[in-house]
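Listing of final.cif; format and content: mmCIF, C-alpha atoms.
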data_target
#
loop_
_atom_site.label_atom_id
_atom_site.label_comp_id
_atom_site.auth_asym_id
_atom_site.auth_seq_id
_atom_site.Cartn_x
_atom_site.Cartn_y
_atom_site.Cartn_z
CA MET A 4 -6.39 28.22 11.84
CA THR A 5 -7.25 25.60 9.29
CA LEU A 6 -5.30 22.43 8.90
CA PHE A 7 -4.56 22.92 5.22
CA ASN A 8 -3.83 26.07 3.27
CA ASP A 9 -5.62 27.28 0.12
CA ASP A 10 -3.24 25.52 -2.29
CA GLN A 11 -3.76 22.24 -0.53
CA ARG A 12 -7.52 22.59 -0.49
CA ALA A 13 -7.54 23.50 -4.19
CA ALA A 14 -5.40 20.45 -4.98
CA SER A 15 -7.74 18.16 -3.13
CA LYS A 16 -10.67 19.55 -5.10
CA THR A 17 -9.09 19.11 -8.53
CA SER A 18 -7.32 15.79 -8.06
CA GLY A 19 -9.30 14.09 -5.34
CA ARG A 20 -8.24 13.58 -1.80
CA ARG A 21 -4.79 12.12 -1.89
CA TYR A 22 -2.87 12.01 1.31
CA ALA A 23 0.39 10.57 2.40
CA ILE A 24 0.19 9.54 6.04
CA PHE A 25 3.44 9.60 7.96
CA PHE A 26 4.50 7.80 11.09
CA ARG A 27 7.56 8.82 13.07
CA LEU A 28 8.82 7.05 16.17
CA ALA A 29 11.57 9.05 17.89
CA SER A 30 13.75 6.21 19.08
CA ALA A 31 17.54 6.50 18.98
CA THR A 32 17.39 5.68 15.29
CA PRO A 33 14.02 7.20 14.36
CA ILE A 34 11.60 4.86 12.66
CA ARG A 35 10.04 6.61 9.70
CA LEU A 36 7.18 5.09 7.76
CA TRP A 37 4.57 6.35 5.35
CA SER A 38 1.42 4.91 3.91
CA GLY A 39 2.47 4.43 0.29
CA PHE A 40 5.10 2.61 -1.70
CA GLY A 41 8.82 3.31 -1.88
CA ASP A 42 10.90 6.08 -0.35
CA PHE A 43 9.51 9.50 0.51
CA PRO A 44 11.94 12.34 1.29
CA MET A 45 10.89 14.80 3.99
CA PRO A 46 12.24 18.31 4.54
CA GLU A 47 13.25 19.48 7.98
CA ASP A 48 10.58 20.93 10.26
CA ALA A 49 9.72 21.22 13.94
CA VAL A 50 9.30 17.47 14.32
CA GLU A 51 11.56 15.98 11.70
CA THR A 52 15.04 17.16 12.64
CA THR A 53 16.89 15.62 9.70
CA ASP A 54 16.52 17.43 6.41
CA GLY A 55 15.71 15.04 3.58
CA ALA A 56 15.02 12.14 5.90
CA ILE A 57 13.73 9.13 4.00
CA TYR A 58 10.39 7.69 5.05
CA LYS A 59 9.97 4.04 4.17
CA GLY A 60 6.85 2.93 2.36
CA LEU A 61 4.65 0.28 3.90
CA SER A 62 4.46 -1.07 0.34
CA GLU A 63 1.31 -3.10 0.77
CA LEU A 64 -2.14 -1.85 1.62
CA PRO A 65 -2.11 -0.86 5.25
CA ASN A 66 -5.22 -0.68 7.34
CA LEU A 67 -5.32 2.97 8.18
CA PRO A 68 -8.92 3.98 8.86
CA ALA A 69 -8.25 3.40 12.57
CA ILE A 70 -6.31 6.66 12.56
CA ASP A 71 -9.61 8.44 12.02
CA ALA A 72 -10.81 7.30 15.43
CA LEU A 73 -7.56 8.49 16.93
CA VAL A 74 -7.44 11.93 15.40
CA ASN A 75 -11.09 12.68 15.94
CA GLY A 76 -10.70 12.01 19.61
CA ARG A 77 -12.70 8.83 19.95
CA ALA A 78 -9.78 6.62 20.94
CA SER A 79 -6.83 7.34 23.14
CA ARG A 80 -4.81 4.32 22.20
CA LEU A 81 -3.99 2.72 18.89
CA ASP A 82 -2.23 -0.48 17.94
CA PHE A 83 -0.01 -0.44 14.89
CA THR A 84 0.50 -3.87 13.44
CA LEU A 85 2.89 -4.89 10.74
CA SER A 86 3.00 -8.43 9.52
CA ALA A 87 5.41 -10.02 7.12
CA PRO A 88 6.53 -13.44 5.96
CA ASP A 89 9.26 -14.48 8.32
CA PRO A 90 10.62 -17.90 7.39
CA ASP A 91 13.76 -17.81 9.54
CA GLY A 92 12.44 -15.87 12.54
CA SER A 93 14.82 -12.94 12.03
CA LEU A 94 12.04 -10.37 12.14
CA ARG A 95 10.81 -11.85 15.41
CA ASP A 96 14.27 -11.61 16.97
CA ALA A 97 14.73 -8.05 15.80
CA ALA A 98 11.37 -6.97 17.20
CA ASP A 99 12.14 -8.68 20.50
CA SER A 100 15.47 -6.99 21.00
CA ASP A 101 14.09 -3.57 20.09
CA ALA A 102 11.13 -3.67 22.46
CA VAL A 103 12.97 -1.81 25.22
CA ALA A 104 14.42 0.79 22.88
CA VAL A 105 11.08 2.13 21.70
CA ARG A 106 9.32 2.39 25.03
CA PHE A 107 8.13 5.87 26.04
CA LYS A 108 9.44 7.36 22.81
CA ALA A 109 7.39 10.02 21.06
CA VAL A 110 5.20 8.97 18.15
CA ARG A 111 3.94 11.50 15.64
CA LEU A 112 1.46 11.05 12.84
CA GLY A 113 1.51 13.45 9.93
CA LEU A 114 -0.61 14.22 6.91
CA TRP A 115 0.62 15.63 3.62
CA PRO A 116 -1.77 16.28 0.71
CA LEU A 117 -0.55 15.15 -2.70
CA GLY A 118 -1.36 16.90 -5.94
CA ALA A 119 -2.34 15.58 -9.36
CA ASP A 120 1.21 14.43 -10.11
CA TRP A 121 1.53 12.71 -6.71
CA ALA A 122 3.91 15.38 -5.51
CA PRO A 123 3.28 16.93 -2.07
CA VAL A 124 1.51 20.29 -1.98
CA GLY A 125 2.32 22.93 0.62
CA PRO A 126 3.70 22.19 4.05
CA MET A 127 3.53 18.91 5.92
CA ARG A 128 1.09 18.77 8.87
CA TRP A 129 1.78 16.77 12.00
CA ILE A 130 -1.65 15.97 13.34
CA TRP A 131 -1.21 13.67 16.29
CA ARG A 132 1.25 13.12 19.11
CA GLY A 133 1.53 10.06 21.30
CA THR A 134 3.84 7.83 23.26
CA ALA A 135 4.97 4.35 22.35
CA ASP A 136 4.09 1.82 25.01
CA GLN A 137 4.64 -1.83 24.53
CA THR A 138 5.32 -4.15 21.66
CA ARG A 139 3.67 -7.50 21.12
CA LEU A 140 4.58 -10.29 18.79
CA ASN A 141 2.43 -12.88 17.15
CA HIS A 142 4.18 -15.61 15.24
CA ASN A 143 1.69 -17.45 13.08
CA ARG A 144 2.83 -20.84 11.81
CA ALA A 145 -0.58 -21.99 10.59
CA ASP A 146 0.75 -22.18 7.06
CA PRO A 147 4.14 -23.89 7.31
CA LEU A 148 5.09 -22.67 3.84
CA GLN A 149 4.70 -19.09 4.84
CA PRO A 150 5.09 -18.35 8.53
CA VAL A 151 4.03 -14.81 9.28
CA THR A 152 5.24 -12.63 12.09
CA ALA A 153 2.99 -9.80 13.18
CA MET A 154 4.48 -7.09 15.32
CA THR A 155 2.20 -4.76 17.21
CA LEU A 156 3.23 -1.47 18.70
CA SER A 157 0.76 0.03 21.12
CA VAL A 158 0.74 3.80 21.11
CA SER A 159 -1.17 5.92 23.59
CA SER A 160 -2.14 9.55 23.56
CA LEU A 161 -1.23 11.84 26.43
CA PHE A 162 -4.54 11.06 28.14
CA ALA A 163 -4.20 7.31 28.47
CA GLY A 164 -1.70 7.00 31.30
CA ARG A 165 -2.46 5.40 34.64
CA ARG A 166 -1.38 8.50 36.49
CA GLN A 167 -4.09 10.50 34.77
CA GLN A 168 -6.54 11.49 37.50
CA LYS A 169 -10.19 10.66 37.23
CA ALA A 170 -12.67 13.48 37.15
CA SER A 171 -14.05 14.03 40.65
CA PHE A 172 -16.38 16.32 42.57
CA TRP A 173 -15.05 19.10 44.63
CA THR A 174 -16.83 18.26 47.86
CA PRO A 175 -17.84 20.60 50.71
CA GLU A 176 -15.41 18.61 52.90
CA ASP A 177 -12.52 19.44 50.57
CA GLN A 178 -13.42 23.07 50.67
CA ALA A 179 -13.82 23.03 54.45
CA LEU A 180 -10.17 22.09 54.84
CA ASP A 181 -9.16 25.39 53.23
CA ALA A 182 -12.01 27.65 54.29
CA PRO A 183 -14.09 26.18 57.12
CA ASN A 184 -16.87 28.74 56.90
CA ASP A 185 -17.35 28.75 53.15
CA THR A 186 -20.70 27.27 52.16
CA ALA A 187 -20.32 27.75 48.39
CA PHE A 188 -19.80 24.04 47.71
CA ASP A 189 -22.61 22.72 49.88
CA GLN A 190 -24.89 22.10 46.92
CA VAL A 191 -22.33 20.35 44.69
CA ALA A 192 -23.87 16.95 45.46
CA LEU A 193 -27.00 18.06 43.62
CA LEU A 194 -25.08 18.66 40.40
CA SER A 195 -25.49 15.26 38.91
CA GLU A 196 -26.05 16.19 35.31
CA GLY A 197 -24.06 14.02 32.90
CA LEU A 198 -22.20 12.24 35.66
CA GLU A 199 -22.78 8.82 37.10
CA LYS A 200 -20.86 9.23 40.27
CA LYS A 201 -22.69 7.88 43.30
CA TRP A 202 -22.35 9.87 46.41
CA PRO A 203 -20.50 7.90 49.09
CA LYS A 204 -22.93 6.58 51.66
CA GLY A 205 -22.31 6.29 55.35
CA MET B 10 23.91 -10.06 -5.97
CA ALA B 11 22.19 -10.52 -9.28
CA LEU B 12 18.55 -11.28 -8.86
CA PRO B 13 17.13 -14.37 -10.54
CA ARG B 14 15.07 -13.70 -13.61
CA TRP B 15 11.69 -15.33 -14.02
CA PRO B 16 12.04 -17.43 -17.19
CA PHE B 17 8.44 -18.03 -18.20
CA ALA B 18 7.28 -14.51 -18.92
CA GLY B 19 10.16 -13.80 -21.25
CA ASP B 20 9.39 -16.81 -23.40
CA LEU B 21 6.35 -16.46 -25.62
CA ALA B 22 6.20 -20.24 -25.93
CA TYR B 23 4.88 -20.35 -22.37
CA ARG B 24 3.04 -17.10 -22.00
CA ARG B 25 -0.66 -17.09 -22.54
CA SER B 26 -1.57 -13.81 -20.98
CA VAL B 27 -0.23 -11.24 -18.62
CA ARG B 28 -1.97 -8.33 -17.03
CA ALA B 29 0.13 -5.69 -15.35
CA TYR B 30 -1.41 -2.72 -13.66
CA ILE B 31 -0.85 -0.23 -10.88
CA ALA B 32 -2.65 -1.12 -7.67
CA GLY B 33 -3.64 1.48 -5.15
CA ALA B 34 -5.52 1.83 -1.92
CA ALA B 35 -8.54 4.02 -1.39
CA ALA B 36 -10.53 4.43 1.77
CA THR B 37 -13.96 5.92 1.90
CA GLY B 38 -15.30 7.78 4.85
CA GLY B 39 -18.89 7.26 3.77
CA ARG B 40 -21.39 9.82 2.65
CA GLY B 41 -21.62 12.94 4.71
CA ALA B 42 -24.72 14.82 5.83
CA THR B 43 -24.37 17.15 2.85
CA GLY B 44 -24.52 14.23 0.42
CA GLU B 45 -20.88 14.48 -0.44
CA GLN B 46 -18.92 11.31 -0.51
CA SER B 47 -15.36 11.48 0.61
CA ILE B 48 -12.86 9.04 -0.78
CA ALA B 49 -9.24 9.38 0.13
CA ARG B 50 -6.24 7.71 -1.42
CA PHE B 51 -3.25 7.27 0.76
CA ASP B 52 -0.98 5.02 -1.29
CA GLY B 53 1.01 7.88 -2.82
CA GLY B 54 0.89 6.57 -6.39
CA GLY B 55 0.53 2.83 -6.00
CA PHE B 56 2.69 -0.06 -7.05
CA TRP B 57 2.81 -2.59 -9.88
CA VAL B 58 0.90 -5.83 -9.83
CA ALA B 59 1.04 -8.47 -12.56
CA GLU B 60 -1.15 -11.50 -13.13
CA GLU B 61 0.19 -14.10 -15.42
CA ILE B 62 -1.10 -17.32 -16.96
CA CYS B 63 1.36 -19.71 -18.52
CA SER B 64 0.79 -22.81 -20.56
CA LEU B 65 3.26 -25.56 -19.71
CA ARG B 66 3.36 -27.76 -22.77
CA SER B 67 6.19 -30.12 -21.92
CA ASP B 68 7.44 -32.14 -18.99
CA ALA B 69 10.53 -29.98 -18.94
CA ALA B 70 8.38 -26.87 -18.58
CA VAL B 71 6.48 -28.47 -15.70
CA ARG B 72 9.74 -29.36 -13.96
CA LEU B 73 11.09 -25.86 -14.47
CA TRP B 74 7.91 -24.36 -13.01
CA SER B 75 8.10 -26.65 -10.04
CA SER B 76 11.73 -25.73 -9.38
CA TRP B 77 10.68 -22.08 -9.30
CA ALA B 78 7.97 -22.89 -6.79
CA ALA B 79 10.77 -23.89 -4.44
CA ARG B 80 13.12 -21.08 -5.42
CA LEU B 81 10.62 -18.26 -4.78
CA ASP B 82 10.47 -19.10 -1.05
CA GLY B 83 6.75 -18.58 -0.77
CA GLY B 84 7.07 -15.00 -1.94
CA ALA B 85 9.85 -14.02 0.45
CA SER B 86 12.56 -13.45 -2.15
CA PRO B 87 12.68 -10.82 -4.86
CA VAL B 88 12.77 -11.87 -8.50
CA ILE B 89 12.94 -9.93 -11.75
CA VAL B 90 9.71 -10.41 -13.69
CA PRO B 91 9.92 -9.46 -17.38
CA LEU B 92 6.79 -8.44 -19.24
CA LYS B 93 7.18 -9.69 -22.76
CA HIS B 94 4.64 -7.50 -24.42
CA ARG B 95 3.26 -6.66 -27.80
CA VAL B 96 0.73 -3.90 -27.35
CA SER B 97 2.57 -1.71 -24.88
CA ALA B 98 5.95 -2.10 -26.62
CA VAL B 99 7.36 1.12 -28.02
CA PRO B 100 9.12 0.17 -31.29
CA GLY B 101 12.03 1.84 -33.00
CA ILE B 102 13.78 3.40 -30.03
CA ASP B 103 17.53 2.97 -30.19
CA SER B 104 18.35 4.73 -26.97
CA ALA B 105 16.56 6.87 -24.42
CA VAL B 106 18.30 8.75 -21.65
CA LEU B 107 17.22 11.32 -19.10
CA ALA B 108 17.90 14.81 -20.44
CA SER B 109 17.83 16.32 -16.98
CA ALA B 110 18.22 14.94 -13.50
CA ALA B 111 15.07 13.45 -11.99
CA ALA B 112 14.22 13.63 -8.29
CA LEU B 113 12.92 10.81 -6.15
CA ARG B 114 9.16 10.43 -6.77
CA ALA B 115 9.24 12.52 -9.95
CA THR B 116 6.40 11.90 -12.42
CA LEU B 117 7.64 14.23 -15.15
CA LEU B 118 10.70 13.02 -17.03
CA SER B 119 12.62 14.91 -19.68
CA VAL B 120 13.99 12.30 -22.05
CA GLN B 121 16.36 12.43 -25.04
CA ILE B 122 15.41 9.76 -27.56
CA THR B 123 17.28 8.56 -30.63
CA GLY B 124 15.83 6.28 -33.27
CA SER B 125 12.81 6.36 -35.53
CA GLY B 126 10.24 5.46 -32.87
CA ALA B 127 8.20 7.81 -30.74
CA PRO B 128 6.93 7.16 -27.22
CA PHE B 129 3.18 7.14 -26.70
CA ALA B 130 0.73 7.00 -23.83
CA GLY B 131 0.36 3.41 -22.67
CA GLY B 132 3.95 2.53 -23.50
CA ARG B 133 5.98 0.94 -20.77
CA PHE B 134 9.66 1.08 -19.96
CA THR B 135 12.08 0.15 -17.23
CA ILE B 136 14.70 2.15 -15.41
CA ASN B 137 17.39 0.08 -13.77
CA HIS B 138 17.97 1.90 -10.49
CA ALA B 139 21.23 1.55 -8.61
CA ALA B 140 19.65 0.48 -5.33
CA TRP B 141 16.04 -0.34 -6.22
CA GLY B 142 16.83 -2.51 -9.24
CA PRO B 143 14.76 -2.49 -12.43
CA ARG B 144 11.35 -0.85 -11.97
CA LEU B 145 8.50 -0.49 -14.39
CA TYR B 146 6.95 2.81 -15.49
CA GLU B 147 4.06 3.59 -17.78
CA ILE B 148 3.73 6.67 -19.93
CA ILE B 149 0.42 8.46 -19.47
CA GLU B 150 1.32 11.48 -21.58
CA ALA B 151 4.11 12.06 -24.09
CA ALA B 152 4.88 15.56 -25.38
CA ASP B 153 7.30 16.14 -28.25
CA GLU B 154 9.66 19.04 -27.51
CA GLY B 155 11.50 18.75 -30.84
CA SER B 156 14.88 17.33 -31.88
CA GLY B 157 14.40 14.07 -30.05
CA LEU B 158 13.54 15.65 -26.73
CA TRP B 159 10.38 14.37 -25.06
CA THR B 160 8.61 15.19 -21.86
CA LEU B 161 7.02 12.07 -20.47
CA THR B 162 4.40 12.06 -17.74
CA THR B 163 4.75 8.70 -16.04
CA ARG B 164 3.31 6.54 -13.33
CA THR B 165 4.32 5.27 -10.82
CA PRO B 166 6.39 7.99 -9.14
CA LEU B 167 10.11 7.44 -9.67
CA ARG B 168 11.52 4.99 -7.14
CA GLN B 169 14.95 6.52 -6.91
CA ALA B 170 16.53 9.86 -7.80
CA HIS B 171 18.54 9.82 -11.00
CA ALA B 172 21.32 11.94 -12.40
CA LEU B 173 21.48 13.14 -15.97
CA SER B 174 21.70 10.52 -18.74
CA ALA B 175 20.32 7.52 -16.88
CA ALA B 176 19.01 5.04 -19.42
CA LEU B 177 15.36 4.17 -20.04
CA ASP B 178 14.94 0.62 -21.27
CA PHE B 179 12.05 0.32 -23.74
CA ASN B 180 13.07 -3.08 -25.05
CA ASP B 181 12.87 -5.15 -21.91
CA PRO B 182 10.19 -3.90 -19.53
CA ARG B 183 10.60 -5.72 -16.24
CA PHE B 184 10.36 -5.08 -12.51
CA VAL B 185 11.48 -6.54 -9.22
CA ALA B 186 8.59 -8.41 -7.70
CA ARG B 187 7.57 -11.00 -5.21
CA LEU B 188 5.14 -13.86 -5.67
CA THR B 189 1.77 -13.19 -4.07
CA ASN B 190 0.01 -16.50 -4.69
CA PRO B 191 2.38 -19.12 -3.22
CA ALA B 192 -0.53 -21.33 -2.23
CA GLU B 193 -1.91 -21.81 -5.73
CA PHE B 194 1.38 -21.48 -7.54
CA PRO B 195 2.43 -25.17 -7.54
CA ILE B 196 0.84 -27.24 -10.29
CA SER B 197 -0.40 -30.76 -9.88
CA GLU B 198 1.21 -33.61 -11.71
CA ASP B 199 -1.38 -36.15 -12.66
CA GLY B 200 -0.16 -36.91 -16.13
CA ALA B 201 -3.60 -36.70 -17.67
CA VAL B 202 -3.59 -33.04 -18.60
CA ALA B 203 -1.68 -32.28 -21.76
CA ASN B 204 -1.23 -28.58 -21.10
CA PRO B 205 -1.14 -27.80 -17.40
CA THR B 206 -1.73 -24.16 -16.70
CA GLY B 207 0.40 -22.29 -14.24
CA ARG B 208 -0.78 -19.11 -12.62
CA ALA B 209 1.44 -16.57 -10.96
CA THR B 210 0.60 -13.19 -9.51
CA TRP B 211 3.26 -10.66 -8.65
CA ALA B 212 3.49 -7.51 -6.62
CA GLU B 213 6.28 -5.00 -6.83
CA TRP B 214 9.05 -5.53 -4.27
CA GLY B 215 8.80 -2.76 -1.68
CA GLU B 216 12.45 -2.47 -0.70
CA ALA B 217 15.74 -1.58 -2.27
CA VAL B 218 17.50 -4.70 -3.55
CA ALA B 219 21.13 -3.60 -3.46
#
Representation of the structure as structure tokens:
Amino acid sequence: MTLFNDDQRAASKTSGRRYAIFFRLASATPIRLWSGFGDFPMPEDAVETTDGAIYKGLSELPNLPAIDALVNGRASRLDFTLSAPDPDGSLRDAADSDAVAVRFKAVRLGLWPLGADWAPVGPMRWIWRGTADQTRLNHNRADPLQPVTAMTLSVSSLFAGRRQQKASFWTPEDQALDAPNDTAFDQVALLSEGLEKKWPKG
Amino acid sequence: MALPRWPFAGDLAYRRSVRAYIAGAAATGGRGATGEQSIARFDGGGFWVAEEICSLRSDAAVRLWSSWAARLDGGASPVIVPLKHRVSAVPGIDSAVLASAAALRATLLSVQITGSGAPFAGGRFTINHAAWGPRLYEIIEAADEGSGLWTLTTRTPLRQAHALSAALDFNDPRFVARLTNPAEFPISEDGAVANPTGRATWAEWGEAVA
């Protein structure tokens, strides 16, 4: 299965690669953002349960190339940062009070190709699934005229948890617990290719 | 709440030049092994940016400018920025209304126009949206369908869905913006310069205003 259908591939050939990137955080009131400017209506699908839900534009130029590392499997955790002028500290308060509400909620990233007239082509594709972890706040008062609050949401993939087991050898001792006379695992210690594990000594 | 209206742009006595354009974001993934370069745009149509240079020829003008430096809150409050224009003005249009409903993010508008003028590519107009306020649009293609009906291809994508017969304002192109150069916006007052020059840059306001 390919990610995009023929119409979408044809559109990207004739009008250049234009994508809208969507971010959905499934908190009690879902947070819906997209990479462009203004509102973007989204039809109902397996992820987005509200038909015609409005995704809010990030309006400025977001720094999105980091998603590439995420989707292509090179990173298992990504920090989303939004910063805005915040003269009265209201954004900081809001982010503080919402920190608990977003924890462990599902985060989805989606990709929707746009055609020559900036209208979406074909179906929306959800390309990544993760879990919201923690929020951080950075209140920068370096310029007193324009204090800026940056809010960071750390999102991890399903492979970044602490409970995730490390890869380990299946040792002859392990096997001996189940089948004392089985010698099939006796040579496992010699299989060192691509692994740096040191055999326990003594 | 009525938004304040930026007074300098509307007055040709102050205006020296203005440059309004649609800004976008493109990211390149570099050149691949096959020699193909991949550039992706992810801004979904972009937003308006204006750069403006004003000549402040009187003490009153300098005081007015300085009061706006305080009023704009370092770019945190929205303001309506008019673009008093000459080249991109479309003359002779008495009224222009949508001839069919337009969806959110539409770029193809069917418009009923009365008057002697005709829209052309490069012309700019404003639609005053109920929630998003006045927003600027530029015609990139105008097709005459006969008897005053025109099909306009526009940028940026429509900010808000509109029912039939919403008005297009060709006479006063303007958009809701925020100041993006608060640091260099204030002008110095040394008394020696006869015509201090004020510079303001604007970016379209990214939220609904009502």
| request: Evaluate the PyMOL selection byres ((chain B and resi 194) around 8) here and jot the selected residues down as an MDAnalysis selection string. | output: chainID B and resid 78 190:193 195:196 207:209
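In this structure, the chain B residues at most 7 Å away from chain A are Ala34, Ile48, Ala49, Arg50, Phe51, Asp52, Gly53, Gly54, Gly55, Phe56, Gly83, Ala85, Thr116, Arg168, Gly215 and Glu216 of chain B, with all atoms listed in the file considered.
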| request: Determine the residue set returned by the PyMOL selection byres ((chain A and resi 101-107) around 12) for the present structure, and present it as number ranges by chain. | output: A: 27-34, 94-100, 108-110, 133-140, 154-161, 164
Expected file: the selected residues, C-alpha atoms, as a PDB file, in the coordinates of the input:
ATOM      1  CA  ARG A  27       7.560   8.820  13.070  1.00  0.00           C
ATOM      2  CA  LEU A  28       8.820   7.050  16.170  1.00  0.00           C
ATOM      3  CA  ALA A  29      11.570   9.050  17.890  1.00  0.00           C
ATOM      4  CA  SER A  30      13.750   6.210  19.080  1.00  0.00           C
ATOM      5  CA  ALA A  31      17.540   6.500  18.980  1.00  0.00           C
ATOM      6  CA  THR A  32      17.390   5.680  15.290  1.00  0.00           C
ATOM      7  CA  PRO A  33      14.020   7.200  14.360  1.00  0.00           C
ATOM      8  CA  ILE A  34      11.600   4.860  12.660  1.00  0.00           C
ATOM      9  CA  LEU A  94      12.040 -10.370  12.140  1.00  0.00           C
ATOM     10  CA  ARG A  95      10.810 -11.850  15.410  1.00  0.00           C
ATOM     11  CA  ASP A  96      14.270 -11.610  16.970  1.00  0.00           C
ATOM     12  CA  ALA A  97      14.730  -8.050  15.800  1.00  0.00           C
ATOM     13  CA  ALA A  98      11.370  -6.970  17.200  1.00  0.00           C
ATOM     14  CA  ASP A  99      12.140  -8.680  20.500  1.00  0.00           C
ATOM     15  CA  SER A 100      15.470  -6.990  21.000  1.00  0.00           C
ATOM     16  CA  LYS A 108       9.440   7.360  22.810  1.00  0.00           C
ATOM     17  CA  ALA A 109       7.390  10.020  21.060  1.00  0.00           C
ATOM     18  CA  VAL A 110       5.200   8.970  18.150  1.00  0.00           C
ATOM     19  CA  GLY A 133       1.530  10.060  21.300  1.00  0.00           C
ATOM     20  CA  THR A 134       3.840   7.830  23.260  1.00  0.00           C
ATOM     21  CA  ALA A 135       4.970   4.350  22.350  1.00  0.00           C
ATOM     22  CA  ASP A 136       4.090   1.820  25.010  1.00  0.00           C
ATOM     23  CA  GLN A 137       4.640  -1.830  24.530  1.00  0.00           C
ATOM     24  CA  THR A 138       5.320  -4.150  21.660  1.00  0.00           C
ATOM     25  CA  ARG A 139       3.670  -7.500  21.120  1.00  0.00           C
ATOM     26  CA  LEU A 140       4.580 -10.290  18.790  1.00  0.00           C
ATOM     27  CA  MET A 154       4.480  -7.090  15.320  1.00  0.00           C
ATOM     28  CA  THR A 155       2.200  -4.760  17.210  1.00  0.00           C
ATOM     29  CA  LEU A 156       3.230  -1.470  18.700  1.00  0.00           C
ATOM     30  CA  SER A 157       0.760   0.030  21.120  1.00  0.00           C
ATOM     31  CA  VAL A 158       0.740   3.800  21.110  1.00  0.00           C
ATOM     32  CA  SER A 159      -1.170   5.920  23.590  1.00  0.00           C
ATOM     33  CA  SER A 160      -2.140   9.550  23.560  1.00  0.00           C
ATOM     34  CA  LEU A 161      -1.230  11.840  26.430  1.00  0.00           C
ATOM     35  CA  GLY A 164      -1.700   7.000  31.300  1.00  0.00           C
TER      36      GLY A 164
END
Report the residues retrieved by the PyMOL selection byres ((chain B and resi 140) around 7) from the displayed file, expressed as a short mmCIF file (atom, residue, chain, number, x, y, z; two decimals) with C-alpha atoms, in the frame of the given file.
data_model
loop_
_atom_site.label_atom_id
_atom_site.label_comp_id
_atom_site.auth_asym_id
_atom_site.auth_seq_id
_atom_site.Cartn_x
_atom_site.Cartn_y
_atom_site.Cartn_z
CA HIS B 138 17.97 1.90 -10.49
CA ALA B 139 21.23 1.55 -8.61
CA TRP B 141 16.04 -0.34 -6.22
CA GLY B 142 16.83 -2.51 -9.24
CA ALA B 217 15.74 -1.58 -2.27
CA VAL B 218 17.50 -4.70 -3.55
CA ALA B 219 21.13 -3.60 -3.46
#
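Rounded to one decimal, CA of Leu117 in chain B and CA of Pro166 in chain B lie 8.8 Å from each other.
Every protein or nucleic acid residue with an atom no more than 8 Å from Arg66 in chain B, counting only C-alpha atoms and leaving out same-chain residues fewer than 5 positions away, appears here: Tyr23, Val71, Ala203, Asn204 and Pro205 of chain B.
Here CA of Thr189 in chain B and CA of Ile149 in chain B stand 26.6 Å from one another.
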